[in-house]
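Visitor: What follows is the file my_file-v2.cif, containing mmCIF, C-alpha atoms:
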```cif
data_entry
loop_
_atom_site.label_atom_id
_atom_site.label_comp_id
_atom_site.auth_asym_id
_atom_site.auth_seq_id
_atom_site.Cartn_x
_atom_site.Cartn_y
_atom_site.Cartn_z
CA MET A 1 -127.13 139.36 -41.62
CA ILE A 2 -124.10 140.56 -39.65
CA GLN A 3 -122.04 137.91 -41.33
CA LEU A 4 -123.23 139.10 -44.70
CA LEU A 5 -122.31 142.65 -43.78
CA GLU A 6 -118.89 141.54 -42.65
CA THR A 7 -118.15 139.70 -45.85
CA GLN A 8 -119.32 142.75 -47.73
CA ILE A 9 -116.96 144.96 -45.76
CA ALA A 10 -114.18 142.45 -46.27
CA SER A 11 -114.74 142.43 -50.00
CA ASN A 12 -114.71 146.20 -50.00
CA GLU A 13 -111.28 146.19 -48.47
CA GLY A 14 -109.22 148.33 -50.73
CA ILE A 15 -105.54 148.90 -50.92
CA MET A 16 -105.62 150.91 -47.66
CA VAL A 17 -106.43 147.99 -45.39
CA GLN A 18 -104.65 145.13 -47.10
CA SER A 19 -101.96 143.17 -45.30
CA GLY A 20 -100.32 145.24 -42.59
CA LYS A 21 -102.10 148.52 -43.49
CA ILE A 22 -98.71 149.97 -44.33
CA TYR A 23 -100.34 151.98 -47.14
CA LEU A 24 -102.39 153.78 -44.54
CA VAL A 25 -99.26 154.82 -42.64
CA MET A 26 -97.63 155.81 -45.91
CA THR A 27 -100.57 158.05 -46.80
CA ILE A 28 -100.63 159.71 -43.37
CA VAL A 29 -96.91 160.41 -43.46
CA SER A 30 -97.17 161.78 -47.00
CA ILE A 31 -100.00 164.12 -45.99
CA ILE A 32 -97.94 165.44 -43.07
CA LEU A 33 -94.97 165.92 -45.39
CA ILE A 34 -97.00 167.79 -48.00
CA GLY A 35 -98.56 169.99 -45.31
CA LEU A 36 -95.14 170.74 -43.86
CA PHE A 37 -93.75 171.73 -47.24
CA ILE A 38 -96.73 173.95 -48.01
CA TYR A 39 -96.18 175.70 -44.68
CA VAL A 40 -92.43 176.19 -45.23
CA ALA A 41 -93.07 177.41 -48.78
CA SER A 42 -95.61 179.94 -47.50
CA ILE A 43 -93.10 181.29 -44.97
CA ASP A 44 -90.55 181.50 -47.80
CA LYS A 45 -93.02 183.54 -49.83
CA LYS A 46 -93.76 185.89 -46.94
CA ILE A 47 -90.07 186.55 -46.36
CA THR A 48 -89.62 187.28 -50.07
CA GLN A 49 -92.38 189.89 -49.79
CA LEU A 50 -90.70 191.40 -46.73
CA GLU A 51 -87.38 191.56 -48.58
CA LYS A 52 -88.96 193.46 -51.45
CA LYS A 53 -90.18 196.19 -49.11
CA MET B 1 -78.85 180.44 -54.31
CA LEU B 2 -80.87 181.39 -51.23
CA ARG B 3 -83.93 182.00 -53.35
CA ALA B 4 -83.37 179.38 -56.03
CA LYS B 5 -86.27 177.00 -56.37
CA TRP B 6 -84.98 173.81 -57.93
CA TRP B 7 -83.35 172.30 -54.85
CA LYS B 8 -86.44 173.01 -52.75
CA VAL B 9 -88.51 171.07 -55.25
CA LEU B 10 -85.82 168.37 -55.28
CA SER B 11 -86.04 168.14 -51.50
CA PHE B 12 -89.81 167.70 -51.71
CA VAL B 13 -89.57 165.05 -54.42
CA LEU B 14 -86.89 163.09 -52.57
CA LEU B 15 -88.79 163.19 -49.29
CA LEU B 16 -92.06 162.21 -50.91
CA TYR B 17 -90.16 159.30 -52.43
CA THR B 18 -88.71 158.46 -49.01
CA CYS B 19 -92.08 158.62 -47.30
CA THR B 20 -93.77 156.41 -49.88
CA TYR B 21 -91.21 153.98 -51.26
CA GLY B 22 -89.57 153.89 -47.84
CA PHE B 23 -92.63 152.03 -46.58
CA LEU B 24 -92.88 149.73 -49.57
CA VAL B 25 -89.30 148.74 -50.33
CA LYS B 26 -88.43 145.16 -49.44
CA VAL B 27 -86.28 145.15 -46.31
CA PRO B 28 -84.20 142.20 -45.11
CA ARG B 29 -85.78 140.15 -42.32
CA LEU B 30 -82.50 138.65 -41.01
CA ASP B 31 -83.29 137.01 -37.66
CA ASP B 32 -86.58 138.93 -37.42
CA ARG B 33 -85.51 141.01 -34.44
CA MET B 34 -85.93 144.31 -36.28
CA LYS B 35 -88.93 143.42 -38.42
CA GLU B 36 -90.31 146.53 -40.16
CA SER B 37 -88.69 148.87 -37.64
CA ILE B 38 -85.55 148.87 -39.78
CA ARG B 39 -87.42 151.39 -41.95
CA ASN B 40 -86.56 153.92 -39.24
CA PHE B 41 -83.24 154.00 -41.05
CA PHE B 42 -84.86 156.31 -43.59
CA PHE B 43 -85.90 158.78 -40.91
CA HIS B 44 -83.77 158.49 -37.77
CA VAL B 45 -80.35 158.15 -39.42
CA PRO B 46 -80.78 161.02 -41.96
CA MET B 47 -81.39 163.31 -38.97
CA TRP B 48 -77.79 162.64 -37.89
CA PHE B 49 -76.35 162.85 -41.39
CA GLY B 50 -78.24 166.12 -41.86
CA MET B 51 -77.00 167.42 -38.53
CA MET B 52 -73.38 166.65 -39.38
CA ILE B 53 -73.65 168.33 -42.79
CA LEU B 54 -75.35 171.44 -41.40
CA LEU B 55 -72.88 171.70 -38.54
CA PHE B 56 -70.03 171.39 -41.00
CA VAL B 57 -71.43 174.28 -43.04
CA SER B 58 -71.79 176.22 -39.80
CA LEU B 59 -68.12 175.54 -39.05
CA VAL B 60 -67.10 176.81 -42.49
CA TYR B 61 -68.98 180.07 -41.93
CA ALA B 62 -67.51 180.40 -38.42
CA ILE B 63 -64.02 180.23 -39.92
CA LYS B 64 -65.07 182.63 -42.68
CA TYR B 65 -66.31 185.05 -40.04
CA LEU B 66 -63.03 184.94 -38.15
CA LYS B 67 -61.19 185.67 -41.38
CA SER B 68 -63.44 188.46 -42.63
CA GLY B 69 -65.23 189.91 -39.61
CA ASP B 70 -68.30 190.13 -41.84
CA LEU B 71 -71.47 189.86 -39.72
CA VAL B 72 -73.28 188.11 -42.57
CA HIS B 73 -71.02 185.09 -42.04
CA ASP B 74 -72.00 185.05 -38.38
CA VAL B 75 -75.67 185.05 -39.35
CA TYR B 76 -75.05 182.06 -41.65
CA SER B 77 -73.00 180.20 -39.08
CA PHE B 78 -75.62 180.66 -36.37
CA ALA B 79 -78.55 179.67 -38.60
CA PHE B 80 -76.83 176.48 -39.78
CA ALA B 81 -75.89 175.52 -36.22
CA SER B 82 -79.48 176.08 -35.06
CA MET B 83 -80.98 173.85 -37.73
CA GLY B 84 -78.25 171.27 -37.15
CA LEU B 85 -79.25 171.13 -33.52
CA VAL B 86 -82.93 170.75 -34.46
CA PHE B 87 -81.94 167.68 -36.47
CA GLY B 88 -79.75 166.41 -33.63
CA THR B 89 -82.56 166.81 -31.12
CA LEU B 90 -85.00 165.03 -33.40
CA GLY B 91 -82.38 162.32 -33.90
CA ILE B 92 -81.95 161.73 -30.20
CA ILE B 93 -85.72 161.71 -29.55
CA THR B 94 -86.47 159.33 -32.42
CA GLY B 95 -83.52 157.22 -31.26
CA ALA B 96 -84.95 157.01 -27.76
CA VAL B 97 -88.36 155.93 -29.08
CA TRP B 98 -86.77 153.31 -31.30
CA ALA B 99 -84.49 152.10 -28.49
CA ASN B 100 -87.48 151.74 -26.18
CA TYR B 101 -89.01 149.17 -28.52
CA GLN B 102 -85.83 147.59 -29.82
CA TRP B 103 -83.52 147.55 -26.81
CA GLY B 104 -86.10 147.67 -24.02
CA SER B 105 -85.44 151.15 -22.65
CA PRO B 106 -85.30 154.67 -24.10
CA TRP B 107 -81.79 155.10 -22.74
CA VAL B 108 -79.57 152.05 -22.60
CA GLY B 109 -76.24 153.84 -22.23
CA ASP B 110 -75.09 152.68 -25.63
CA PRO B 111 -71.75 154.39 -26.44
CA LYS B 112 -73.17 156.14 -29.49
CA GLN B 113 -76.23 157.31 -27.56
CA ASN B 114 -74.05 158.73 -24.79
CA GLY B 115 -71.65 160.26 -27.30
CA ALA B 116 -74.48 161.92 -29.20
CA ALA B 117 -75.90 163.34 -25.98
CA ILE B 118 -72.51 164.79 -25.04
CA ALA B 119 -72.06 166.26 -28.53
CA LEU B 120 -75.48 167.91 -28.33
CA LEU B 121 -74.79 169.31 -24.87
CA ILE B 122 -71.53 170.83 -26.10
CA TYR B 123 -73.46 172.49 -28.92
CA PHE B 124 -76.20 173.69 -26.56
CA ALA B 125 -73.50 175.62 -24.72
CA TYR B 126 -72.90 177.47 -28.02
CA PHE B 127 -76.39 178.94 -27.73
CA VAL B 128 -75.91 179.74 -24.05
CA LEU B 129 -72.69 181.53 -24.94
CA ARG B 130 -74.38 183.53 -27.68
CA GLY B 131 -77.28 184.42 -25.45
CA SER B 132 -75.01 185.69 -22.70
CA LEU B 133 -73.15 188.22 -24.85
CA LEU B 134 -74.80 191.50 -25.76
CA ASP B 135 -72.07 193.06 -27.85
CA ILE B 136 -72.64 191.88 -31.40
CA GLU B 137 -69.01 191.80 -32.51
CA LYS B 138 -67.89 190.03 -29.37
CA ARG B 139 -70.74 187.55 -29.60
CA ALA B 140 -69.93 186.75 -33.21
CA ARG B 141 -66.21 186.31 -32.55
CA LEU B 142 -66.44 184.22 -29.37
CA SER B 143 -69.20 182.01 -30.69
CA ALA B 144 -67.26 181.42 -33.92
CA VAL B 145 -64.28 180.21 -31.89
CA TYR B 146 -66.50 178.03 -29.71
CA ASN B 147 -68.26 176.71 -32.81
CA ILE B 148 -64.94 175.39 -34.11
CA PHE B 149 -64.25 173.70 -30.79
CA SER B 150 -67.69 172.09 -30.64
CA PHE B 151 -67.47 170.82 -34.20
CA PHE B 152 -64.19 169.10 -33.50
CA MET B 153 -65.74 167.51 -30.41
CA LEU B 154 -67.94 165.56 -32.83
CA PHE B 155 -64.86 163.54 -33.78
CA PRO B 156 -64.38 161.77 -30.46
CA THR B 157 -68.02 161.78 -29.37
CA LEU B 158 -69.66 160.52 -32.55
CA TRP B 159 -67.03 159.23 -34.90
CA ILE B 160 -64.28 157.64 -32.81
CA LEU B 161 -65.22 156.55 -29.29
CA PRO B 162 -68.48 154.74 -30.16
CA ARG B 163 -66.56 152.68 -32.71
CA LEU B 164 -63.87 151.57 -30.31
CA THR B 165 -66.24 149.78 -27.98
CA GLU B 166 -69.03 147.29 -28.49
CA SER B 167 -72.17 149.09 -29.50
CA LEU B 168 -75.79 148.29 -30.20
CA HIS B 169 -75.54 150.74 -33.06
CA PRO B 170 -74.03 149.58 -36.33
CA GLY B 171 -70.32 150.29 -36.65
CA GLY B 172 -69.17 149.35 -33.16
CA GLN B 173 -66.10 147.31 -32.37
CA GLY B 174 -65.70 144.34 -34.67
CA SER B 175 -67.64 145.66 -37.63
CA ASP B 176 -66.05 146.45 -40.96
CA GLY B 177 -65.40 149.98 -42.07
CA ASN B 178 -67.61 152.99 -41.74
CA PRO B 179 -71.28 151.96 -41.61
CA GLY B 180 -72.39 155.39 -42.75
CA ILE B 181 -70.29 155.55 -45.85
CA ASN B 182 -69.48 152.13 -47.23
CA GLY B 183 -72.67 150.64 -45.84
CA LYS B 184 -71.82 146.94 -46.10
CA ASP B 185 -74.44 146.30 -43.45
CA MET B 186 -77.22 147.77 -45.56
CA SER B 187 -78.98 145.90 -48.35
CA SER B 188 -78.84 147.52 -51.78
CA ASN B 189 -82.66 147.82 -51.71
CA MET B 190 -82.46 149.95 -48.62
CA ARG B 191 -79.68 152.06 -50.04
CA THR B 192 -81.96 153.14 -52.90
CA VAL B 193 -84.09 154.87 -50.29
CA PHE B 194 -81.50 155.75 -47.68
CA TYR B 195 -79.26 158.03 -49.73
CA PRO B 196 -82.13 159.98 -51.34
CA ALA B 197 -83.56 160.30 -47.83
CA VAL B 198 -80.32 161.79 -46.52
CA ILE B 199 -80.20 164.31 -49.39
CA GLY B 200 -83.90 165.14 -49.06
CA TRP B 201 -83.85 165.73 -45.30
CA THR B 202 -80.63 167.72 -45.52
CA LEU B 203 -82.02 169.97 -48.25
CA LEU B 204 -85.15 170.55 -46.17
CA GLY B 205 -82.86 171.56 -43.31
CA VAL B 206 -80.94 173.90 -45.60
CA TRP B 207 -84.19 175.44 -46.79
CA ILE B 208 -85.39 176.17 -43.26
CA THR B 209 -81.91 177.52 -42.48
CA THR B 210 -82.09 179.96 -45.41
CA LEU B 211 -85.42 181.22 -44.06
CA LYS B 212 -83.79 181.95 -40.72
CA ILE B 213 -80.87 183.65 -42.46
CA ARG B 214 -83.18 185.85 -44.52
CA VAL B 215 -85.21 186.90 -41.46
CA GLN B 216 -81.99 187.73 -39.57
CA MET B 217 -80.74 189.78 -42.52
CA ILE B 218 -83.96 191.80 -42.64
CA GLN B 219 -83.60 192.36 -38.90
CA LEU B 220 -79.96 193.47 -39.22
CA LYS B 221 -80.83 195.85 -42.04
CA LYS B 222 -83.65 197.28 -39.96
CA ASP B 223 -81.25 197.84 -37.07
CA GLY B 224 -78.84 199.54 -39.44
CA LEU B 225 -76.07 197.00 -38.85
CA LEU B 226 -75.62 196.03 -42.47
#
```
Please express what this file holds, its structure, as C-alpha coordinates.
Guide:
Amino acid sequence: MIQLLETQIASNEGIMVQSGKIYLVMTIVSIILIGLFIYVASIDKKITQLEKK
Amino acid sequence: MLRAKWWKVLSFVLLLYTCTYGFLVKVPRLDDRMKESIRNFFFHVPMWFGMMILLFVSLVYAIKYLKSGDLVHDVYSFAFASMGLVFGTLGIITGAVWANYQWGSPWVGDPKQNGAAIALLIYFAYFVLRGSLLDIEKRARLSAVYNIFSFFMLFPTLWILPRLTESLHPGGQGSDGNPGINGKDMSSNMRTVFYPAVIGWTLLGVWITTLKIRVQMIQLKKDGLL
(Lines of atoms letter the chains of each structure in order from A and count residues from 1; the text may use other names and numbers.)
(Lines give C-alpha, C1' and ligand atoms only; values in the text may rest on other atoms or scores of the structure.)
Protein backbone atom coordinates (compact mmCIF):
# COMPACT_ATOMS: atom_id res chain seq x y z
CA MET A 1 0.00 0.00 0.00
CA ILE A 2 2.76 2.41 1.03
CA GLN A 3 4.75 1.32 -1.96
CA LEU A 4 1.79 2.00 -4.19
CA LEU A 5 1.42 5.44 -2.67
CA GLU A 6 5.09 6.13 -3.20
CA THR A 7 5.00 5.18 -6.84
CA GLN A 8 1.95 7.35 -7.21
CA ILE A 9 3.75 10.29 -5.64
CA ALA A 10 6.77 9.59 -7.80
CA SER A 11 4.66 9.59 -10.93
CA ASN A 12 3.08 12.83 -9.85
CA GLU A 13 6.47 14.45 -9.70
CA GLY A 14 6.16 17.50 -11.82
CA ILE A 15 8.73 19.88 -13.12
CA MET A 16 9.28 21.31 -9.61
CA VAL A 17 10.90 18.22 -8.15
CA GLN A 18 12.74 16.80 -11.13
CA SER A 19 16.50 16.35 -11.04
CA GLY A 20 18.13 18.75 -8.61
CA LYS A 21 14.94 20.73 -7.83
CA ILE A 22 16.60 23.75 -9.36
CA TYR A 23 13.20 24.87 -10.70
CA LEU A 24 12.00 25.16 -7.14
CA VAL A 25 14.87 27.50 -6.25
CA MET A 26 14.26 29.44 -9.45
CA THR A 27 10.60 29.93 -8.55
CA ILE A 28 11.39 31.06 -4.99
CA VAL A 29 13.98 33.56 -6.19
CA SER A 30 11.60 34.87 -8.84
CA ILE A 31 8.84 35.36 -6.26
CA ILE A 32 11.21 37.32 -4.02
CA LEU A 33 12.29 39.42 -6.98
CA ILE A 34 8.73 40.19 -8.04
CA GLY A 35 7.78 41.08 -4.46
CA LEU A 36 10.80 43.34 -4.16
CA PHE A 37 9.95 45.17 -7.38
CA ILE A 38 6.32 45.61 -6.37
CA TYR A 39 7.51 47.13 -3.08
CA VAL A 40 10.00 49.50 -4.75
CA ALA A 41 7.38 50.50 -7.33
CA SER A 42 4.89 51.28 -4.56
CA ILE A 43 7.43 53.52 -2.81
CA ASP A 44 8.06 55.22 -6.16
CA LYS A 45 4.34 55.87 -6.50
CA LYS A 46 4.06 57.28 -2.99
CA ILE A 47 6.95 59.68 -3.59
CA THR A 48 5.32 60.82 -6.83
CA GLN A 49 2.17 61.64 -4.85
CA LEU A 50 4.23 63.55 -2.28
CA GLU A 51 5.94 65.52 -5.05
CA LYS A 52 2.59 66.56 -6.50
CA LYS A 53 1.54 68.10 -3.19
CA MET B 1 14.77 60.77 -16.39
CA LEU B 2 14.17 60.31 -12.66
CA ARG B 3 10.55 59.44 -13.28
CA ALA B 4 10.90 57.69 -16.63
CA LYS B 5 9.48 54.21 -16.60
CA TRP B 6 11.15 52.24 -19.37
CA TRP B 7 14.45 51.54 -17.65
CA LYS B 8 12.67 50.41 -14.48
CA VAL B 9 10.74 47.89 -16.54
CA LEU B 10 13.99 46.94 -18.30
CA SER B 11 15.61 46.34 -14.92
CA PHE B 12 12.75 44.07 -13.91
CA VAL B 13 12.84 42.12 -17.17
CA LEU B 14 16.61 41.66 -17.04
CA LEU B 15 16.56 40.52 -13.43
CA LEU B 16 13.67 38.15 -13.99
CA TYR B 17 15.71 36.74 -16.87
CA THR B 18 18.75 36.49 -14.58
CA CYS B 19 16.80 34.78 -11.82
CA THR B 20 15.25 32.22 -14.16
CA TYR B 21 17.67 31.55 -17.00
CA GLY B 22 20.53 32.04 -14.56
CA PHE B 23 19.50 28.79 -12.90
CA LEU B 24 18.92 26.92 -16.14
CA VAL B 25 21.82 27.96 -18.37
CA LYS B 26 24.42 25.26 -18.93
CA VAL B 27 27.52 26.09 -16.90
CA PRO B 28 30.95 24.53 -17.42
CA ARG B 29 31.83 21.75 -14.99
CA LEU B 30 35.64 22.03 -15.41
CA ASP B 31 37.22 19.96 -12.63
CA ASP B 32 33.93 19.91 -10.69
CA ARG B 33 35.23 22.01 -7.82
CA MET B 34 32.67 24.76 -8.35
CA LYS B 35 29.73 22.65 -9.45
CA GLU B 36 26.54 24.75 -9.61
CA SER B 37 27.95 27.38 -7.26
CA ILE B 38 29.46 29.14 -10.28
CA ARG B 39 25.94 30.53 -10.81
CA ASN B 40 26.76 32.92 -7.97
CA PHE B 41 28.52 34.82 -10.72
CA PHE B 42 25.12 36.18 -11.74
CA PHE B 43 24.47 37.56 -8.28
CA HIS B 44 27.67 38.14 -6.32
CA VAL B 45 29.76 39.72 -9.09
CA PRO B 46 27.06 42.16 -10.36
CA MET B 47 26.96 43.58 -6.83
CA TRP B 48 30.56 44.75 -7.33
CA PHE B 49 30.02 45.94 -10.88
CA GLY B 50 26.94 47.82 -9.69
CA MET B 51 28.87 49.30 -6.79
CA MET B 52 31.65 50.55 -9.05
CA ILE B 53 29.19 52.12 -11.49
CA LEU B 54 27.16 53.81 -8.75
CA LEU B 55 30.28 55.07 -7.00
CA PHE B 56 31.54 56.45 -10.29
CA VAL B 57 28.30 58.38 -10.77
CA SER B 58 28.64 59.60 -7.20
CA LEU B 59 32.15 60.82 -8.03
CA VAL B 60 30.87 62.70 -11.08
CA TYR B 61 28.26 64.49 -8.97
CA ALA B 62 30.85 65.25 -6.27
CA ILE B 63 32.99 67.00 -8.89
CA LYS B 64 29.91 68.73 -10.27
CA TYR B 65 29.09 69.97 -6.78
CA LEU B 66 32.57 71.39 -6.29
CA LYS B 67 32.25 73.21 -9.60
CA SER B 68 28.74 74.56 -9.11
CA GLY B 69 28.07 74.66 -5.37
CA ASP B 70 24.57 73.46 -6.20
CA LEU B 71 23.14 71.45 -3.28
CA VAL B 72 21.18 69.25 -5.68
CA HIS B 73 24.48 67.77 -6.89
CA ASP B 74 25.37 66.95 -3.29
CA VAL B 75 22.05 65.16 -2.86
CA TYR B 76 22.77 63.09 -6.00
CA SER B 77 26.33 62.34 -4.98
CA PHE B 78 25.30 61.19 -1.51
CA ALA B 79 22.41 59.03 -2.74
CA PHE B 80 24.58 57.25 -5.33
CA ALA B 81 27.33 56.63 -2.77
CA SER B 82 24.80 55.19 -0.31
CA MET B 83 23.37 52.73 -2.80
CA GLY B 84 26.86 51.86 -4.00
CA LEU B 85 27.77 50.94 -0.46
CA VAL B 86 24.62 48.82 -0.11
CA PHE B 87 25.80 46.85 -3.14
CA GLY B 88 29.33 46.65 -1.76
CA THR B 89 28.09 45.37 1.59
CA LEU B 90 25.90 42.78 -0.10
CA GLY B 91 28.89 41.83 -2.25
CA ILE B 92 31.14 41.25 0.72
CA ILE B 93 28.48 39.27 2.61
CA THR B 94 27.61 37.07 -0.37
CA GLY B 95 31.34 36.67 -0.98
CA ALA B 96 31.88 35.49 2.58
CA VAL B 97 29.07 32.93 2.29
CA TRP B 98 30.44 31.67 -1.01
CA ALA B 99 34.00 31.56 0.34
CA ASN B 100 32.84 29.56 3.34
CA TYR B 101 31.68 26.76 1.05
CA GLN B 102 34.26 27.12 -1.69
CA TRP B 103 37.45 28.03 0.16
CA GLY B 104 36.63 26.60 3.58
CA SER B 105 36.29 29.81 5.58
CA PRO B 106 34.25 33.02 5.28
CA TRP B 107 37.44 35.07 5.37
CA VAL B 108 40.54 33.56 3.82
CA GLY B 109 42.56 36.76 3.49
CA ASP B 110 42.42 36.62 -0.27
CA PRO B 111 43.95 39.85 -1.67
CA LYS B 112 40.73 40.87 -3.37
CA GLN B 113 38.70 40.16 -0.24
CA ASN B 114 41.05 42.27 1.87
CA GLY B 115 41.16 45.00 -0.77
CA ALA B 116 37.37 45.13 -0.98
CA ALA B 117 37.11 45.38 2.80
CA ILE B 118 39.58 48.27 2.86
CA ALA B 119 37.73 50.03 0.03
CA LEU B 120 34.44 49.69 1.89
CA LEU B 121 35.94 50.97 5.13
CA ILE B 122 37.30 54.03 3.32
CA TYR B 123 33.82 54.69 1.98
CA PHE B 124 32.21 54.15 5.40
CA ALA B 125 34.35 57.03 6.64
CA TYR B 126 32.55 59.18 4.04
CA PHE B 127 29.31 58.64 5.95
CA VAL B 128 31.01 59.28 9.29
CA LEU B 129 32.38 62.53 7.87
CA ARG B 130 28.97 63.60 6.62
CA GLY B 131 27.31 62.72 9.88
CA SER B 132 29.80 64.74 11.89
CA LEU B 133 29.22 68.03 10.07
CA LEU B 134 26.12 70.07 10.79
CA ASP B 135 26.66 72.96 8.42
CA ILE B 136 25.11 71.94 5.12
CA GLU B 137 27.50 73.80 2.83
CA LYS B 138 30.55 72.60 4.71
CA ARG B 139 29.25 69.05 4.79
CA ALA B 140 28.60 69.06 1.06
CA ARG B 141 32.01 70.51 0.21
CA LEU B 142 34.15 68.36 2.52
CA SER B 143 32.33 65.17 1.67
CA ALA B 144 32.65 65.90 -2.05
CA VAL B 145 36.41 66.21 -1.65
CA TYR B 146 36.57 63.05 0.44
CA ASN B 147 34.36 61.27 -2.09
CA ILE B 148 36.94 61.92 -4.79
CA PHE B 149 39.70 60.56 -2.58
CA SER B 150 37.74 57.42 -1.70
CA PHE B 151 36.85 56.72 -5.31
CA PHE B 152 40.47 56.86 -6.34
CA MET B 153 41.33 54.47 -3.51
CA LEU B 154 39.33 51.87 -5.46
CA PHE B 155 42.18 51.78 -7.98
CA PRO B 156 44.81 50.24 -5.71
CA THR B 157 42.43 48.31 -3.45
CA LEU B 158 40.24 46.65 -6.06
CA TRP B 159 41.80 47.06 -9.46
CA ILE B 160 45.58 46.93 -9.03
CA LEU B 161 46.89 45.25 -5.88
CA PRO B 162 44.70 42.10 -6.04
CA ARG B 163 45.94 41.51 -9.58
CA LEU B 164 49.60 41.74 -8.71
CA THR B 165 49.55 38.82 -6.32
CA GLU B 166 48.19 35.30 -6.52
CA SER B 167 44.51 35.33 -5.79
CA LEU B 168 41.69 32.86 -5.36
CA HIS B 169 39.55 35.31 -7.29
CA PRO B 170 39.76 35.34 -11.07
CA GLY B 171 42.22 37.86 -12.45
CA GLY B 172 45.10 37.37 -10.03
CA GLN B 173 48.74 37.12 -10.99
CA GLY B 174 49.27 34.95 -14.04
CA SER B 175 45.85 35.33 -15.61
CA ASP B 176 45.27 37.07 -18.91
CA GLY B 177 43.78 40.52 -19.10
CA ASN B 178 40.92 41.95 -17.15
CA PRO B 179 38.53 39.19 -16.04
CA GLY B 180 35.68 41.66 -15.66
CA ILE B 181 35.87 43.10 -19.12
CA ASN B 182 37.34 40.69 -21.62
CA GLY B 183 36.10 37.68 -19.69
CA LYS B 184 38.22 34.96 -21.30
CA ASP B 185 37.62 32.88 -18.20
CA MET B 186 33.87 32.90 -18.67
CA SER B 187 32.02 30.61 -21.07
CA SER B 188 29.89 32.33 -23.71
CA ASN B 189 26.81 30.65 -22.21
CA MET B 190 27.45 32.33 -18.91
CA ARG B 191 28.09 35.67 -20.54
CA THR B 192 24.56 35.66 -21.97
CA VAL B 193 23.32 35.85 -18.39
CA PHE B 194 26.16 37.72 -16.73
CA TYR B 195 26.03 40.98 -18.68
CA PRO B 196 22.22 41.32 -18.53
CA ALA B 197 22.54 40.59 -14.81
CA VAL B 198 25.05 43.42 -14.35
CA ILE B 199 22.78 45.86 -16.22
CA GLY B 200 19.67 44.67 -14.38
CA TRP B 201 21.15 44.90 -10.89
CA THR B 202 22.73 48.26 -11.64
CA LEU B 203 19.46 49.69 -12.92
CA LEU B 204 17.69 48.44 -9.80
CA GLY B 205 20.35 50.25 -7.77
CA VAL B 206 19.83 53.41 -9.80
CA TRP B 207 16.08 53.17 -9.27
CA ILE B 208 16.42 52.91 -5.49
CA THR B 209 18.93 55.77 -5.63
CA THR B 210 16.44 58.00 -7.46
CA LEU B 211 13.90 57.29 -4.73
CA LYS B 212 16.37 58.48 -2.12
CA ILE B 213 17.16 61.57 -4.20
CA ARG B 214 13.49 62.44 -4.58
CA VAL B 215 12.82 62.06 -0.84
CA GLN B 216 15.85 64.27 -0.06
CA MET B 217 14.64 66.89 -2.53
CA ILE B 218 11.19 66.99 -0.90
CA GLN B 219 12.92 67.36 2.46
CA LEU B 220 15.17 70.19 1.21
CA LYS B 221 12.20 72.01 -0.30
CA LYS B 222 10.32 71.64 2.97
CA ASP B 223 13.27 73.11 4.84
CA GLY B 224 13.37 75.98 2.38
CA LEU B 225 16.90 75.16 1.19
CA LEU B 226 16.02 74.85 -2.47
Visitor: Just checking: using only C-alpha atoms, which residue out of B:Trp159, B:Tyr76, B:Trp207, B:Phe194 ends up closest to Pro46 in chain B?
Guide: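 Using only C-alpha atoms, Pro46 in chain B sits closest to B:Phe194.
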Visitor: Starting from the shown file, work through the PyMOL selection byres ((chain A and resi 26-38) around 12) and note down what comes out as a PyMOL selection string.
Guide: (chain A and resi 15-17+20-25+39-45) or (chain B and resi 8-25+39+43+200-201+203-205+207-208)
Visitor: Need to verify the contact set: Leu161 in chain B, 10 Å, only C-alpha atoms, exclusion of same-chain residues closer than 4 positions in sequence. Can you return it as a list in words?
Guide: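 Counting only C-alpha atoms, the residues come to Pro111, Lys112, Gly115, Phe155, Pro156, Thr157, Thr165, Gly172 and Gln173 of chain B.
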Visitor: Quick check, in Å to one decimal: how far apart do CA of Arg163 in chain B and CA of Ser175 in chain B lie?
Guide: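 Going from CA of Arg163 in chain B over to CA of Ser175 in chain B covers 8.6 Å.
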Visitor: Near Gly88 in chain B, within 7 Å and counting all atoms listed in the file, which residues show up once chain neighbours fewer than 2 positions away are dropped, as number ranges by chain?
Guide: B: 47-48, 51, 84-86, 90-92, 120
Visitor: Report, in Å to a single decimal, how far apart CA of Ser150 in chain B and CA of Tyr126 in chain B are.
Guide: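 A separation of 7.9 Å between them.
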Visitor: Identify, on the basis of only C-alpha atoms, every residue whose closest approach to Asp70 in chain B does not exceed 12 Å; exclude the query and any residue fewer than 2 positions from it along the same chain; express the result as a list in words.
Guide: Tyr61, Ala62, Ile63, Lys64, Tyr65, Leu66, Lys67, Ser68, Val72, His73, Asp74, Val75, Tyr76, Ser77, Ile136, Glu137, Ala140, Arg141, Ala144, Leu225 and Leu226 of chain B
Visitor: Hey, can you check how far CA of Ser188 in chain B sits from CA of Gly50 in chain B?
Guide: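 Interatomic distance here is 21.1 Å.
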Visitor: So for range 24-27 of chain A, what box centre and size do we get, axis-aligned, 8 Å extra on each of the six sides, every listed atom, Å to one decimal, as lines of an AutoDock Vina configuration file?
Guide:
```
center_x = -100.0
center_y = 155.9
center_z = -44.7
size_x = 20.8
size_y = 20.3
size_z = 20.2
```
Visitor: Pick from B:Ile213, B:Asp223, B:Leu59, B:Leu158: nearest to chain A, with only C-alpha atoms counted?
Guide: B:Ile213
Visitor: I'd like to know which of B:Phe56, B:Phe78, B:Trp6, B:Phe87 is closest to Phe151 in chain B, using all atoms listed in the file.
Guide: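 Of all the options, B:Phe56 lies closest to Phe151 in chain B.
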Visitor: Looking at B:Leu121, B:Lys221, B:Ala81, B:Val198, which one is nearest to Lys53 in chain A, with distances taken over only C-alpha atoms?
Guide: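 Between B:Leu121, B:Lys221, B:Ala81, B:Val198, the residue approaching Lys53 in chain A most closely is B:Lys221.
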Visitor: Which is closer to chain A than all the others in B:Arg191, B:Arg214, B:Arg33, B:Lys222, using only C-alpha atoms?
Guide: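 Going through B:Arg191, B:Arg214, B:Arg33, B:Lys222 one by one, the smallest distance to chain A is for B:Arg214.
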